[in-house]
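Below you'll find the structure, written out as structure tokens, and then a few comments.
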Amino acid sequence: MNQRGTGGTEPPDDYLEAAIQRLLTERTEIAEQGITVSRRDHSVVLCGEVESAQRREEILRLVLEHFPKVPLTVDIGLIRTQAPTEVEDLR
């Protein structure tokens with residue numbers, strides 16, 4: 001996890017999580033429904049998995065562009081989108 005944004009001491013607005021979630025799902029260039037937005041202490045946490053580092057950076061760019069003063073904690077992982085290249089050994 002890492003933190004981004006300009007941290008402040010004010011807790012985020014009550015509707016901020018919903019606004020970020022709506023931004024991620026309604027923007028046609030993102031249309032991301034796999035990211036969970038929640039509040040932790042004085043920051044907003046983006047959590048989930050995406051298929052590429054570029055997509056993760058695009059999501060972060062969009063959120064920071066629309067909410068520049070909100071401190072973010074980012075816990076967005078990458079999922080494998082190609083078929084496995086080796087046999088899985090089950091024991």
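Residues in the structure tokens are numbered from 1 in each chain, the chains being A, B, ... in the order shown, and ligands are numbered from 1 in the order shown.
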
Could you list, as a compact mmCIF listing (two decimals) with N, CA, C and O atoms, in the first residue's frame, every residue within 8 Å of A:Gly34, counting only C-alpha atoms and ignoring same-chain residues fewer than 3 positions away?
```txt
# COMPACT_ATOMS: atom_id res chain seq x y z
N GLY A 48 -8.57 -3.18 -4.71
CA GLY A 48 -9.10 -4.08 -5.73
C GLY A 48 -7.98 -4.58 -6.62
O GLY A 48 -6.80 -4.50 -6.27
N GLU A 49 -8.37 -5.10 -7.79
CA GLU A 49 -7.40 -5.62 -8.74
C GLU A 49 -7.76 -5.15 -10.14
O GLU A 49 -8.94 -5.08 -10.49
N VAL A 50 -6.74 -4.86 -10.93
CA VAL A 50 -6.91 -4.47 -12.33
C VAL A 50 -5.96 -5.29 -13.18
O VAL A 50 -5.05 -5.94 -12.68
```

Residues near A:Phe67, cut-off 10 Å, only C-alpha atoms, skip fewer than 3 positions along chain, as a ChimeraX atom specification:
/A:5-6,16,19-20,61-64,70-72

Output for the residues just chosen: C-alpha atoms as a PDB file, in the first residue's frame:
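Saved result, result_2.pdb, follows:
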```pdb
ATOM      1  CA  GLY A   5      -2.444  13.044  -2.507  1.00  0.00           C
ATOM      2  CA  THR A   6      -1.923  16.055  -0.358  1.00  0.00           C
ATOM      3  CA  LEU A  16     -16.749  11.330  -0.897  1.00  0.00           C
ATOM      4  CA  ALA A  19     -18.525  10.325  -5.486  1.00  0.00           C
ATOM      5  CA  ILE A  20     -15.246   8.506  -6.221  1.00  0.00           C
ATOM      6  CA  ARG A  61      -4.715   9.950 -12.273  1.00  0.00           C
ATOM      7  CA  LEU A  62      -8.482  10.335 -12.678  1.00  0.00           C
ATOM      8  CA  VAL A  63      -9.183  10.282  -8.923  1.00  0.00           C
ATOM      9  CA  LEU A  64      -6.359  12.706  -8.117  1.00  0.00           C
ATOM     10  CA  VAL A  70      -7.947  13.987  -0.723  1.00  0.00           C
ATOM     11  CA  PRO A  71      -5.220  11.782   0.774  1.00  0.00           C
ATOM     12  CA  LEU A  72      -5.352   8.345  -0.864  1.00  0.00           C
TER      13      LEU A  72
END
```

Looking only at helix (DSSP H, G or I) from DSSP on the backbone, list the matching residues of chain A as a PyMOL selection string.
chain A and resi 16-26+53-66

Residue contacts of A:Leu46 (9 Å, only C-alpha atoms) excluding same-chain residues fewer than 2 positions away, as a list of chain:residue names:
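Counting only C-alpha atoms, the residues come to A:Ile35, A:Thr36, A:Val37, A:Ser38, A:Arg39, A:Val44, A:Gly48, A:Leu60, A:Leu72, A:Thr73, A:Val74, A:Asp75, A:Ile76.
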
Could you state the separation of atom CA of A:Arg56 and atom CA of A:Val87 in Å, given to one decimal place?
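Straight-line distance from atom CA of A:Arg56 to atom CA of A:Val87 works out to 28.9 Å.
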
Please measure the separation of atom CA of A:Leu90 and atom CA of A:Leu78, giving the value in Å to one decimal.
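Computing it gives 23.7 Å between the two atoms.
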
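What separates atom CA of A:Thr81 from atom CA of A:His66 is a distance of 29.1 Å.
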
Counting only C-alpha atoms, the residue among A:Ala83, A:Leu23, A:Ile59, A:Ile30 that lies closest to A:Cys47 is A:Ile59

Based on DSSP run over this structure's backbone, return all residues of chain A in strand (DSSP E or B), as a VMD selection string.
chain A and resid 2 to 4 35 to 40 43 to 50 72 to 78

Return the single residue from A:Ser43, A:Arg55, A:Ala18, A:Pro68 that is closest to A:Ala31, with distances computed using only C-alpha atoms.
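Of the candidates, the smallest distance to A:Ala31 is held by A:Arg55.
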
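Checking A:Lys69, A:Arg40, A:Arg80, A:Arg27 one by one against A:Ala53, counting only C-alpha atoms, you find the shortest gap at A:Arg80.
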